[in-house]
Every structure is written in C-alpha cells, then in structure tokens.
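The structure appears below as structure tokens.
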Amino acid sequence: MKYLKIFIQILIVIFLTLLTQVGGVIWIAVFGYFKIKKSLWNKKKRLLAFSVTYLLCIALIVPIVAPFNQRRSLPVFEEYIQPHNLGYVLLCRNYVHDDLYNNLVEASKDFETNYGISVTYLDAGFPFIDGFPLLPHLSHNDGRKIDLAFIYQDAGGKTTNDNPSLLGYGVYEEPLQGEVNQPQKCKDAGYWQYDYAKYIGFNTDKELEIDLDYTRYLIENLILKTNASKIFIEPHLAQRINPSSNYRNTIRFHGCHAVRHDDHIHLQISK
C-alpha cells in the first residue's frame with residue numbers, strides 16, 4: 001500500500017507538470033510541507049491548500065519570474081485580445097516570447113481598431129524552459145507559436161467571438177466539393193491522429209460558420225504586423241479564404257504528422 005501511494009503521487013506530479021508545467025512543483029511543495037509538519041489535515045483540506053497555493057503562484061509569482069525567460073502572459077481581459085476560455089490562463093498555457101507578445105498585441109489592437117473585432121487565442125506556450133513540450137502540440141515549446149481562433153458569424157450573419165467548440169479545437173470546416181481533401185489524404189496514408197481533436201473539442205452546438213472575409217483580414221494583418229514566418233491552416237481552407245498574393249507564401253501545410261488545422265490558425269515567428 002505504501003508503494004502504491006508513492007506511485008500515485010508520482011503520477012499526479014507528472015500529470016500536473018505536463019498539463020501546466022508548474023503544477024507538479026507546487027504539488028510537491030504543498031504536500032511536502034504537510035509531510036514535514038506531520039499535519040493531521042484530511043485530504044480535502046490538503047487539496048484545498050494546493051488549489052489556493054496554485055492560484056496564488058500563477059497569479060502573483062509566475063508572471064513576475066517568467067520575463068527572466070523572455071516570456072510574458074498574454075492579456076486576459078483586454079478588448080483587443082482575449083483567451084477563448086480561462087482554462088488556458090489557469091493552466092499557464094498563455095505565455096509567449098517577448099517578440100511574439102509585442103507584435104501580437106500590436107496586430108490585435110490594429111485589428112480591433114479597424115474592424116471592431118477582438119482576437120481570440122487558444123494554446124500558446126508555457127512560462128519556462130525552451131524545449132519543454134506543450135502537449136498535445138508538437139511545436140509549442142519556445143514561446144514563438146500560438147493558436148488563434150477563426151472569426152465566426154452567427155445564424156443571422158453577425159460577426160461574433162463565439163466558437164463552435166468549448167475548447168476552440170475539433171469543430172472542423174470540412175472540405176467542399178472540388179476542394180483539396182487533405183484530411184482524407186492523411187487518414188488514407190495511415191495518420192490516424194490527424195482528426196482526433198474532434199473527440200475532445202466538445203461541440204457547443206452553436207449555429208456558427210466561419211466568416212471568410214474577416215478571417216482573411218485577420219490572417220493578413222497577423223502576417224503584416226507580427227512578421228510571421230509561418231501560418232498553418234488546412235489547404236482547402238487556405239484556398240477558400242483566398243488571401244492576397246503578397247501573403248500566400250507564408251501560409252503553409254503543416255504535414256500529416258500533425259493534426260488538422262481547419263479549426264484554428266497556427267501562427268509562428270522566427271527566432
């Protein structure tokens with residue numbers, strides 16, 4: 001039984017570290033303190049103590065220390081840019097390199113000023129350590145990549161910051177007849193993981209469809225203002241959005257080894 005408890009604690013630390021980067025360290029610190037003090041607190045009180053400590057750390061300590069690694073947390077309550085949901089903030093997945101932060105903020109302010117629409121971000125990066133993986137992503141490990149939501153319109157044709165997915169992933173803009181069906185090509189080639197996000201995105205059942213014009217304006221504005229090295233979206237959607245010729249070389253296919261990108265925009269800058 002003793003070794004089983006130790007094994008469970010190790011699994012918890014690994015899980016929290018992979019999910020939030022800092023959660024595992026905080027878990028060790030809090031439960032180590034109770035172990036040293038031989039506290040009689042029950043498990044519920046210890047869990048509450050961890051939760052409070054975690055929230056205080058990510059709100060007061062991590063944002064202060066992260067800049068030493070040239071990372072900054074993206075704004076949360078600004079009109080021009082916001083997270084799709086607070087889960088990305090609470091899990092410390094909203095950190096980017098200083099260069100991307102400054103350029104993305106400028107691009108978002110410009111987009112909101114010109115079109116009255118805020119930019120919505122999804123997964124970005126963790127606050128510390130280049131090369132630390134942000135699972136399940138393959139490349140979000142240096143603060144220079146971020147996923148952004150498409151611009152949508154509701155059933156009445158009104159532009160909205162709502163999203164058809166609770167997580168912002170997994171509700172795809174499927175290829176139309178006559179368009180390149182890259183998702184099917186990748187699945188036929190044996191890349192089973194290519195559309196797995198549809199199982200975890202949690203469809204909200206909102207009647208939304210992509211606003212092609214404003215999404216094109218957003219992509220072009222991002223390329224212009226952030227000096228983007230690459231924009232990943234699915235080939236059929238790039239064809240449908242049809243950006244100006246000046247921006248097309250920046251829009252790339254990400255490869256079958258990744259996952260579908262007809263549910264979000266992947267933006268990255270060079271070092």
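Just remember, in the structure tokens the first chain shown is A, the second B, etc., residues are 1-based per chain, and ligands are 1-based in the order shown.
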
If we count only C-alpha atoms, what is near stretch 44-59 of chain A at a cut-off of 10 Å, once residues fewer than 3 positions away on the same chain are taken out, given as a compact mmCIF listing (two decimals) with N, CA, C and O atoms, in the first residue's frame?
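Result file follows (part_29.txt):
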```txt
# COMPACT_ATOMS: atom_id res chain seq x y z
N THR A 20 0.41 21.76 -16.87
CA THR A 20 0.56 23.17 -16.51
C THR A 20 2.01 23.62 -16.39
O THR A 20 2.26 24.81 -16.18
N VAL A 22 4.01 24.09 -14.11
CA VAL A 22 4.37 24.48 -12.73
C VAL A 22 3.59 23.72 -11.68
O VAL A 22 3.94 23.73 -10.50
N GLY A 23 2.51 23.05 -12.06
CA GLY A 23 1.64 22.40 -11.09
C GLY A 23 2.32 21.30 -10.30
O GLY A 23 2.07 21.14 -9.11
N GLY A 24 3.21 20.53 -10.96
CA GLY A 24 3.89 19.44 -10.27
C GLY A 24 4.78 19.94 -9.15
O GLY A 24 4.81 19.36 -8.05
N VAL A 25 5.50 21.02 -9.41
CA VAL A 25 6.39 21.59 -8.39
C VAL A 25 5.58 22.11 -7.21
O VAL A 25 5.96 21.91 -6.04
N ILE A 26 4.48 22.75 -7.49
CA ILE A 26 3.63 23.28 -6.42
C ILE A 26 3.03 22.15 -5.61
O ILE A 26 2.93 22.22 -4.38
N TRP A 27 2.63 21.08 -6.28
CA TRP A 27 2.08 19.91 -5.57
C TRP A 27 3.12 19.34 -4.61
O TRP A 27 2.81 19.04 -3.45
N ILE A 28 4.36 19.18 -5.08
CA ILE A 28 5.42 18.65 -4.23
C ILE A 28 5.66 19.56 -3.02
O ILE A 28 5.81 19.09 -1.89
N ALA A 29 5.68 20.87 -3.26
CA ALA A 29 5.94 21.83 -2.18
C ALA A 29 4.84 21.79 -1.12
O ALA A 29 5.13 21.74 0.08
N VAL A 30 3.59 21.78 -1.56
CA VAL A 30 2.47 21.82 -0.61
C VAL A 30 2.38 20.52 0.18
O VAL A 30 2.30 20.52 1.41
N PHE A 31 2.41 19.39 -0.52
CA PHE A 31 2.27 18.12 0.19
C PHE A 31 3.54 17.75 0.95
O PHE A 31 3.48 17.06 1.96
N PHE A 34 3.17 19.51 4.34
CA PHE A 34 2.30 18.79 5.27
C PHE A 34 2.98 17.54 5.81
O PHE A 34 2.78 17.14 6.95
N SER A 39 1.08 17.08 9.42
CA SER A 39 -0.24 17.68 9.57
C SER A 39 -1.32 16.61 9.66
O SER A 39 -1.26 15.57 9.00
N LEU A 40 -2.32 16.88 10.46
CA LEU A 40 -3.46 15.99 10.59
C LEU A 40 -4.60 16.38 9.65
O LEU A 40 -5.68 15.82 9.71
N TRP A 41 -4.34 17.39 8.82
CA TRP A 41 -5.38 17.80 7.87
C TRP A 41 -5.77 16.63 6.98
O TRP A 41 -4.92 15.85 6.55
N VAL A 62 4.45 33.50 -10.94
CA VAL A 62 4.85 33.09 -12.30
C VAL A 62 4.95 34.27 -13.26
O VAL A 62 5.94 34.38 -14.00
N PRO A 63 3.97 35.21 -13.28
CA PRO A 63 4.09 36.34 -14.22
C PRO A 63 5.29 37.24 -13.94
O PRO A 63 5.77 37.93 -14.84
N ILE A 64 5.78 37.23 -12.70
CA ILE A 64 6.95 38.05 -12.35
C ILE A 64 8.25 37.35 -12.75
O ILE A 64 9.20 37.99 -13.21
N VAL A 89 -5.57 30.21 -19.32
CA VAL A 89 -4.86 31.07 -18.37
C VAL A 89 -4.56 30.30 -17.09
O VAL A 89 -3.44 30.33 -16.58
N LEU A 90 -5.55 29.59 -16.58
CA LEU A 90 -5.38 28.85 -15.33
C LEU A 90 -4.36 27.72 -15.47
O LEU A 90 -3.74 27.32 -14.48
N LEU A 91 -4.17 27.23 -16.68
CA LEU A 91 -3.21 26.15 -16.91
C LEU A 91 -1.85 26.67 -17.37
O LEU A 91 -0.99 25.89 -17.78
N CYS A 92 -1.67 27.99 -17.32
CA CYS A 92 -0.39 28.62 -17.69
C CYS A 92 0.01 28.33 -19.14
O CYS A 92 1.20 28.24 -19.47
N PRO A 127 5.39 29.13 -19.38
CA PRO A 127 6.22 30.28 -18.99
C PRO A 127 7.72 30.02 -18.94
O PRO A 127 8.51 30.96 -18.99
```

Mind the document's chain letters and residue numbers, and return as a PDB file with N, CA and C atoms, in the first residue's frame the residues of stretch 111-258 of chain A that DSSP labels alpha helix (DSSP H).
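In the end it all went to part_37.pdb:
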```pdb
ATOM      1  N   PHE A 111      -6.229  45.300 -35.461  1.00  0.00           N
ATOM      2  CA  PHE A 111      -7.392  44.584 -35.990  1.00  0.00           C
ATOM      3  C   PHE A 111      -8.672  45.039 -35.296  1.00  0.00           C
ATOM      4  N   GLU A 112      -8.606  45.213 -33.985  1.00  0.00           N
ATOM      5  CA  GLU A 112      -9.794  45.651 -33.236  1.00  0.00           C
ATOM      6  C   GLU A 112     -10.179  47.076 -33.603  1.00  0.00           C
ATOM      7  N   THR A 113      -9.181  47.929 -33.821  1.00  0.00           N
ATOM      8  CA  THR A 113      -9.448  49.314 -34.207  1.00  0.00           C
ATOM      9  C   THR A 113     -10.101  49.397 -35.576  1.00  0.00           C
ATOM     10  N   ASN A 114      -9.609  48.607 -36.515  1.00  0.00           N
ATOM     11  CA  ASN A 114     -10.092  48.672 -37.894  1.00  0.00           C
ATOM     12  C   ASN A 114     -11.418  47.960 -38.110  1.00  0.00           C
ATOM     13  N   TYR A 115     -11.643  46.862 -37.375  1.00  0.00           N
ATOM     14  CA  TYR A 115     -12.825  46.042 -37.653  1.00  0.00           C
ATOM     15  C   TYR A 115     -13.753  45.875 -36.453  1.00  0.00           C
ATOM     16  N   GLN A 182      -7.326  17.278 -47.975  1.00  0.00           N
ATOM     17  CA  GLN A 182      -6.087  16.842 -47.330  1.00  0.00           C
ATOM     18  C   GLN A 182      -6.344  15.962 -46.105  1.00  0.00           C
ATOM     19  N   PRO A 183      -7.369  16.242 -45.306  1.00  0.00           N
ATOM     20  CA  PRO A 183      -7.635  15.344 -44.165  1.00  0.00           C
ATOM     21  C   PRO A 183      -7.838  13.898 -44.586  1.00  0.00           C
ATOM     22  N   GLN A 184      -8.578  13.678 -45.664  1.00  0.00           N
ATOM     23  CA  GLN A 184      -8.804  12.307 -46.124  1.00  0.00           C
ATOM     24  C   GLN A 184      -7.515  11.694 -46.654  1.00  0.00           C
ATOM     25  N   LYS A 185      -6.711  12.500 -47.340  1.00  0.00           N
ATOM     26  CA  LYS A 185      -5.431  12.003 -47.852  1.00  0.00           C
ATOM     27  C   LYS A 185      -4.531  11.549 -46.701  1.00  0.00           C
ATOM     28  N   CYS A 186      -4.492  12.345 -45.638  1.00  0.00           N
ATOM     29  CA  CYS A 186      -3.641  11.996 -44.498  1.00  0.00           C
ATOM     30  C   CYS A 186      -4.144  10.740 -43.794  1.00  0.00           C
ATOM     31  N   LYS A 187      -5.458  10.637 -43.630  1.00  0.00           N
ATOM     32  CA  LYS A 187      -6.018   9.447 -42.982  1.00  0.00           C
ATOM     33  C   LYS A 187      -5.790   8.208 -43.843  1.00  0.00           C
ATOM     34  N   ASP A 188      -5.939   8.357 -45.159  1.00  0.00           N
ATOM     35  CA  ASP A 188      -5.694   7.226 -46.059  1.00  0.00           C
ATOM     36  C   ASP A 188      -4.234   6.786 -46.019  1.00  0.00           C
ATOM     37  N   LEU A 212     -15.355  34.159 -43.671  1.00  0.00           N
ATOM     38  CA  LEU A 212     -14.180  34.072 -44.537  1.00  0.00           C
ATOM     39  C   LEU A 212     -13.493  35.414 -44.715  1.00  0.00           C
ATOM     40  N   ASP A 213     -14.266  36.478 -44.859  1.00  0.00           N
ATOM     41  CA  ASP A 213     -13.673  37.796 -45.088  1.00  0.00           C
ATOM     42  C   ASP A 213     -12.866  38.255 -43.890  1.00  0.00           C
ATOM     43  N   TYR A 214     -13.484  38.223 -42.703  1.00  0.00           N
ATOM     44  CA  TYR A 214     -12.783  38.715 -41.520  1.00  0.00           C
ATOM     45  C   TYR A 214     -11.642  37.789 -41.113  1.00  0.00           C
ATOM     46  N   THR A 215     -11.787  36.495 -41.370  1.00  0.00           N
ATOM     47  CA  THR A 215     -10.675  35.586 -41.083  1.00  0.00           C
ATOM     48  C   THR A 215      -9.509  35.883 -42.021  1.00  0.00           C
ATOM     49  N   ARG A 216      -9.805  36.196 -43.283  1.00  0.00           N
ATOM     50  CA  ARG A 216      -8.746  36.587 -44.215  1.00  0.00           C
ATOM     51  C   ARG A 216      -8.084  37.881 -43.754  1.00  0.00           C
ATOM     52  N   TYR A 217      -8.885  38.864 -43.334  1.00  0.00           N
ATOM     53  CA  TYR A 217      -8.313  40.123 -42.850  1.00  0.00           C
ATOM     54  C   TYR A 217      -7.415  39.863 -41.642  1.00  0.00           C
ATOM     55  N   LEU A 218      -7.866  38.971 -40.760  1.00  0.00           N
ATOM     56  CA  LEU A 218      -7.080  38.653 -39.571  1.00  0.00           C
ATOM     57  C   LEU A 218      -5.741  38.025 -39.955  1.00  0.00           C
ATOM     58  N   ILE A 219      -5.759  37.035 -40.838  1.00  0.00           N
ATOM     59  CA  ILE A 219      -4.530  36.350 -41.248  1.00  0.00           C
ATOM     60  C   ILE A 219      -3.568  37.329 -41.915  1.00  0.00           C
ATOM     61  N   GLU A 220      -4.071  38.150 -42.806  1.00  0.00           N
ATOM     62  CA  GLU A 220      -3.206  39.115 -43.491  1.00  0.00           C
ATOM     63  C   GLU A 220      -2.639  40.131 -42.516  1.00  0.00           C
ATOM     64  N   ASN A 221      -3.453  40.557 -41.549  1.00  0.00           N
ATOM     65  CA  ASN A 221      -2.984  41.512 -40.543  1.00  0.00           C
ATOM     66  C   ASN A 221      -1.911  40.888 -39.657  1.00  0.00           C
ATOM     67  N   LEU A 222      -2.089  39.619 -39.303  1.00  0.00           N
ATOM     68  CA  LEU A 222      -1.096  38.918 -38.479  1.00  0.00           C
ATOM     69  C   LEU A 222       0.234  38.796 -39.211  1.00  0.00           C
ATOM     70  N   ILE A 223       0.168  38.427 -40.474  1.00  0.00           N
ATOM     71  CA  ILE A 223       1.401  38.284 -41.261  1.00  0.00           C
ATOM     72  C   ILE A 223       2.119  39.633 -41.367  1.00  0.00           C
ATOM     73  N   LEU A 224       1.357  40.682 -41.596  1.00  0.00           N
ATOM     74  CA  LEU A 224       1.937  42.007 -41.778  1.00  0.00           C
ATOM     75  C   LEU A 224       2.537  42.554 -40.492  1.00  0.00           C
ATOM     76  N   LYS A 225       1.819  42.395 -39.379  1.00  0.00           N
ATOM     77  CA  LYS A 225       2.218  43.051 -38.127  1.00  0.00           C
ATOM     78  C   LYS A 225       3.151  42.221 -37.254  1.00  0.00           C
ATOM     79  N   THR A 226       3.105  40.903 -37.367  1.00  0.00           N
ATOM     80  CA  THR A 226       3.918  40.065 -36.484  1.00  0.00           C
ATOM     81  C   THR A 226       5.189  39.556 -37.153  1.00  0.00           C
ATOM     82  N   PRO A 235      -5.106  23.144 -46.341  1.00  0.00           N
ATOM     83  CA  PRO A 235      -5.038  23.614 -47.725  1.00  0.00           C
ATOM     84  C   PRO A 235      -6.379  24.020 -48.329  1.00  0.00           C
ATOM     85  N   HIS A 236      -7.428  23.245 -48.068  1.00  0.00           N
ATOM     86  CA  HIS A 236      -8.721  23.600 -48.666  1.00  0.00           C
ATOM     87  C   HIS A 236      -9.257  24.909 -48.106  1.00  0.00           C
ATOM     88  N   LEU A 237      -8.932  25.184 -46.851  1.00  0.00           N
ATOM     89  CA  LEU A 237      -9.405  26.421 -46.235  1.00  0.00           C
ATOM     90  C   LEU A 237      -8.575  27.609 -46.704  1.00  0.00           C
ATOM     91  N   ALA A 238      -7.284  27.392 -46.918  1.00  0.00           N
ATOM     92  CA  ALA A 238      -6.445  28.451 -47.486  1.00  0.00           C
ATOM     93  C   ALA A 238      -6.956  28.826 -48.874  1.00  0.00           C
ATOM     94  N   GLN A 239      -7.361  27.812 -49.625  1.00  0.00           N
ATOM     95  CA  GLN A 239      -7.917  28.051 -50.957  1.00  0.00           C
ATOM     96  C   GLN A 239      -9.227  28.842 -50.856  1.00  0.00           C
ATOM     97  N   ARG A 240     -10.053  28.501 -49.886  1.00  0.00           N
ATOM     98  CA  ARG A 240     -11.359  29.147 -49.750  1.00  0.00           C
ATOM     99  C   ARG A 240     -11.221  30.584 -49.237  1.00  0.00           C
ATOM    100  N   ILE A 241     -10.306  30.792 -48.297  1.00  0.00           N
ATOM    101  CA  ILE A 241     -10.089  32.136 -47.752  1.00  0.00           C
ATOM    102  C   ILE A 241      -9.477  33.048 -48.801  1.00  0.00           C
TER     103      ILE A 241
END
```

Quiz item: With only C-alpha atoms as the atoms that count, which of A:Leu16, A:Tyr33, A:Val76, A:Phe202 lies nearest to A:Leu135?
Solution: A:Leu16

Exercise. Pick out the residues sitting within 12 Å of A:Ala228, and hand them over as a ChimeraX atom specification; count only C-alpha atoms, and ignore anything fewer than 2 positions along from it in its own chain.
Key: /A:99-100,103-104,107,144-146,219-226,230-232,247-252,266-271

Take the residues that were just selected and, keeping C-alpha atoms, output them as a CSV table (one decimal), in the first residue's frame.
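Result file is selection_6.csv:
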```
chain,number,residue,atom,x,y,z
A,99,ASP,CA,8.9,39.3,-29.5
A,100,LEU,CA,5.7,37.5,-30.3
A,103,ASN,CA,3.9,42.0,-32.2
A,104,LEU,CA,0.7,40.1,-31.5
A,107,ALA,CA,-1.6,43.3,-34.5
A,144,ARG,CA,7.1,31.6,-30.6
A,145,LYS,CA,4.0,29.8,-31.6
A,146,ILE,CA,0.3,30.4,-30.8
A,219,ILE,CA,-4.5,36.4,-41.2
A,220,GLU,CA,-3.2,39.1,-43.5
A,221,ASN,CA,-3.0,41.5,-40.5
A,222,LEU,CA,-1.1,38.9,-38.5
A,223,ILE,CA,1.4,38.3,-41.3
A,224,LEU,CA,1.9,42.0,-41.8
A,225,LYS,CA,2.2,43.1,-38.1
A,226,THR,CA,3.9,40.1,-36.5
A,230,LYS,CA,4.6,30.6,-41.0
A,231,ILE,CA,0.8,30.4,-40.8
A,232,PHE,CA,-0.6,26.9,-40.7
A,247,TYR,CA,0.7,36.8,-48.1
A,248,ARG,CA,0.4,33.3,-49.7
A,249,ASN,CA,4.0,32.2,-49.3
A,250,THR,CA,3.6,32.5,-45.5
A,251,ILE,CA,0.6,30.2,-45.4
A,252,ARG,CA,1.8,26.6,-45.3
A,266,HIS,CA,-1.4,28.4,-36.1
A,267,LEU,CA,0.9,31.4,-36.1
A,268,GLN,CA,4.7,31.3,-35.5
A,269,ILE,CA,7.6,33.7,-35.8
A,270,SER,CA,11.3,33.1,-36.3
A,271,LYS,CA,14.0,33.4,-33.7
```

Quiz item: What is the atom CA of A:Tyr121-atom CA of A:Asp195 distance in Å, reported with one decimal?
Solution: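 If I compute the distance from atom CA of A:Tyr121 to atom CA of A:Asp195, I get 20.3 Å.
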
Practice problem: Find the residues around A:Ile210 up to 12 Å (only C-alpha atoms counted), leave out those fewer than 3 positions away in its own chain, and share them as an MDAnalysis selection string. | Solution: chainID A and resid 149:155 157:164 171:174 207 213:216 237 240:241 262:264

Generate a file of the selected residues that holds N, CA, C and O atoms, formatted as a compact mmCIF listing (two decimals), in the first residue's frame.
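Saved to out.txt:
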```
# COMPACT_ATOMS: atom_id res chain seq x y z
N ALA A 149 -8.17 31.57 -32.82
CA ALA A 149 -9.47 31.12 -33.33
C ALA A 149 -9.80 31.84 -34.62
O ALA A 149 -9.38 32.98 -34.86
N PHE A 150 -10.57 31.17 -35.47
CA PHE A 150 -11.14 31.83 -36.63
C PHE A 150 -12.15 32.90 -36.18
O PHE A 150 -12.60 32.89 -35.02
N ILE A 151 -12.51 33.77 -37.08
CA ILE A 151 -13.62 34.69 -36.85
C ILE A 151 -14.88 34.01 -37.37
O ILE A 151 -14.89 33.49 -38.50
N TYR A 152 -15.93 33.99 -36.58
CA TYR A 152 -17.17 33.33 -36.95
C TYR A 152 -18.31 34.33 -37.06
O TYR A 152 -18.23 35.47 -36.59
N GLN A 153 -19.40 33.88 -37.68
CA GLN A 153 -20.64 34.64 -37.72
C GLN A 153 -21.78 33.73 -37.30
O GLN A 153 -21.73 32.51 -37.53
N ASP A 154 -22.78 34.33 -36.65
CA ASP A 154 -23.90 33.53 -36.16
C ASP A 154 -24.91 33.29 -37.27
O ASP A 154 -24.70 33.68 -38.44
N ALA A 155 -26.03 32.67 -36.90
CA ALA A 155 -27.04 32.29 -37.90
C ALA A 155 -27.62 33.52 -38.60
O ALA A 155 -28.10 33.42 -39.73
N GLY A 157 -25.84 36.08 -39.49
CA GLY A 157 -24.79 36.72 -40.27
C GLY A 157 -24.00 37.76 -39.52
O GLY A 157 -23.19 38.48 -40.11
N LYS A 158 -24.19 37.82 -38.19
CA LYS A 158 -23.48 38.81 -37.37
C LYS A 158 -22.15 38.24 -36.90
O LYS A 158 -22.08 37.12 -36.41
N THR A 159 -21.09 39.02 -37.04
CA THR A 159 -19.77 38.60 -36.60
C THR A 159 -19.74 38.44 -35.09
O THR A 159 -20.30 39.26 -34.35
N THR A 160 -19.09 37.38 -34.61
CA THR A 160 -19.08 37.08 -33.18
C THR A 160 -17.75 36.48 -32.77
O THR A 160 -17.02 35.91 -33.58
N ASN A 161 -17.43 36.60 -31.47
CA ASN A 161 -16.26 35.95 -30.91
C ASN A 161 -16.60 34.59 -30.32
O ASN A 161 -15.74 33.94 -29.70
N ASP A 162 -17.85 34.14 -30.49
CA ASP A 162 -18.21 32.79 -30.07
C ASP A 162 -17.46 31.77 -30.92
O ASP A 162 -16.94 32.09 -31.99
N ASN A 163 -17.43 30.55 -30.43
CA ASN A 163 -16.71 29.48 -31.11
C ASN A 163 -17.58 28.22 -31.06
O ASN A 163 -18.24 27.97 -30.05
N PRO A 164 -17.61 27.43 -32.11
CA PRO A 164 -18.43 26.22 -32.10
C PRO A 164 -17.90 25.11 -31.20
O PRO A 164 -18.56 24.10 -31.00
N VAL A 171 -13.93 21.31 -34.07
CA VAL A 171 -15.09 21.50 -34.95
C VAL A 171 -14.55 22.04 -36.26
O VAL A 171 -14.17 23.20 -36.37
N TYR A 172 -14.51 21.18 -37.27
CA TYR A 172 -13.77 21.47 -38.50
C TYR A 172 -14.63 22.15 -39.56
O TYR A 172 -15.84 21.95 -39.63
N GLU A 173 -13.94 22.92 -40.39
CA GLU A 173 -14.54 23.47 -41.61
C GLU A 173 -14.22 22.50 -42.73
O GLU A 173 -13.17 22.55 -43.35
N GLU A 174 -15.12 21.56 -42.97
CA GLU A 174 -14.86 20.44 -43.86
C GLU A 174 -14.65 20.90 -45.31
O GLU A 174 -15.21 21.91 -45.74
N GLU A 207 -24.94 27.60 -33.72
CA GLU A 207 -25.06 27.71 -35.17
C GLU A 207 -24.12 28.80 -35.67
O GLU A 207 -24.50 29.95 -35.85
N ASP A 213 -14.27 36.48 -44.86
CA ASP A 213 -13.67 37.80 -45.09
C ASP A 213 -12.87 38.26 -43.89
O ASP A 213 -11.69 38.63 -44.01
N TYR A 214 -13.48 38.22 -42.70
CA TYR A 214 -12.78 38.72 -41.52
C TYR A 214 -11.64 37.79 -41.11
O TYR A 214 -10.63 38.25 -40.57
N THR A 215 -11.79 36.49 -41.37
CA THR A 215 -10.67 35.59 -41.08
C THR A 215 -9.51 35.88 -42.02
O THR A 215 -8.34 35.83 -41.62
N ARG A 216 -9.80 36.20 -43.28
CA ARG A 216 -8.75 36.59 -44.22
C ARG A 216 -8.08 37.88 -43.75
O ARG A 216 -6.85 38.00 -43.76
N LEU A 237 -8.93 25.18 -46.85
CA LEU A 237 -9.40 26.42 -46.23
C LEU A 237 -8.58 27.61 -46.70
O LEU A 237 -9.10 28.71 -46.89
N ARG A 240 -10.05 28.50 -49.89
CA ARG A 240 -11.36 29.15 -49.75
C ARG A 240 -11.22 30.58 -49.24
O ARG A 240 -11.93 31.48 -49.68
N ILE A 241 -10.31 30.79 -48.30
CA ILE A 241 -10.09 32.14 -47.75
C ILE A 241 -9.48 33.05 -48.80
O ILE A 241 -9.78 34.23 -48.87
N ASP A 262 -8.13 23.05 -39.78
CA ASP A 262 -9.29 23.77 -40.28
C ASP A 262 -10.26 24.07 -39.14
O ASP A 262 -11.46 24.24 -39.34
N ASP A 263 -9.70 24.15 -37.93
CA ASP A 263 -10.47 24.60 -36.77
C ASP A 263 -9.77 25.75 -36.04
O ASP A 263 -10.32 26.32 -35.10
N HIS A 264 -8.55 26.11 -36.49
CA HIS A 264 -7.83 27.21 -35.86
C HIS A 264 -6.68 27.66 -36.76
O HIS A 264 -6.35 26.99 -37.74
```

Practice problem: Using only C-alpha atoms, determine which residues lie at most 8 Å from A:Ala197, disregarding the query and same-chain residues fewer than 4 positions distant; provide the list as an MDAnalysis selection string. | Solution: chainID A and resid 169:170 201 259

Exercise. Using only C-alpha atoms, determine which residues lie at most 10 Å from A:Pro67, disregarding the query and same-chain residues fewer than 2 positions distant; provide the list as a ChimeraX atom specification.
Key: /A:62-65,69-73,95-98,127-128

Take the selection from the previous step and output its residues with C-alpha atoms, as a tab-separated table (two decimals), in the first residue's frame.
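Output contents, as saved in part38.tsv:
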```
chain	number	residue	atom	x	y	z
A	62	VAL	CA	4.85	33.09	-12.30
A	63	PRO	CA	4.09	36.34	-14.22
A	64	ILE	CA	6.95	38.05	-12.35
A	65	VAL	CA	9.50	35.28	-12.88
A	69	ASN	CA	12.98	33.58	-19.55
A	70	GLN	CA	11.75	36.23	-22.02
A	71	ARG	CA	8.16	35.01	-21.67
A	72	ARG	CA	5.06	37.08	-20.90
A	73	SER	CA	1.48	36.12	-20.24
A	95	TYR	CA	2.72	32.56	-22.32
A	96	VAL	CA	4.68	33.73	-25.36
A	97	HIS	CA	8.16	35.07	-26.09
A	98	ASP	CA	8.61	38.84	-25.75
A	127	PRO	CA	6.22	30.28	-18.99
A	128	PHE	CA	9.58	28.49	-18.62
```

Quiz prompt | Interatomic distance (Å, one decimal) between atom CA of A:Leu138 and atom CA of A:Leu11 | solution =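 Taking atom CA of A:Leu138 and atom CA of A:Leu11, their separation equals 22.2 Å.
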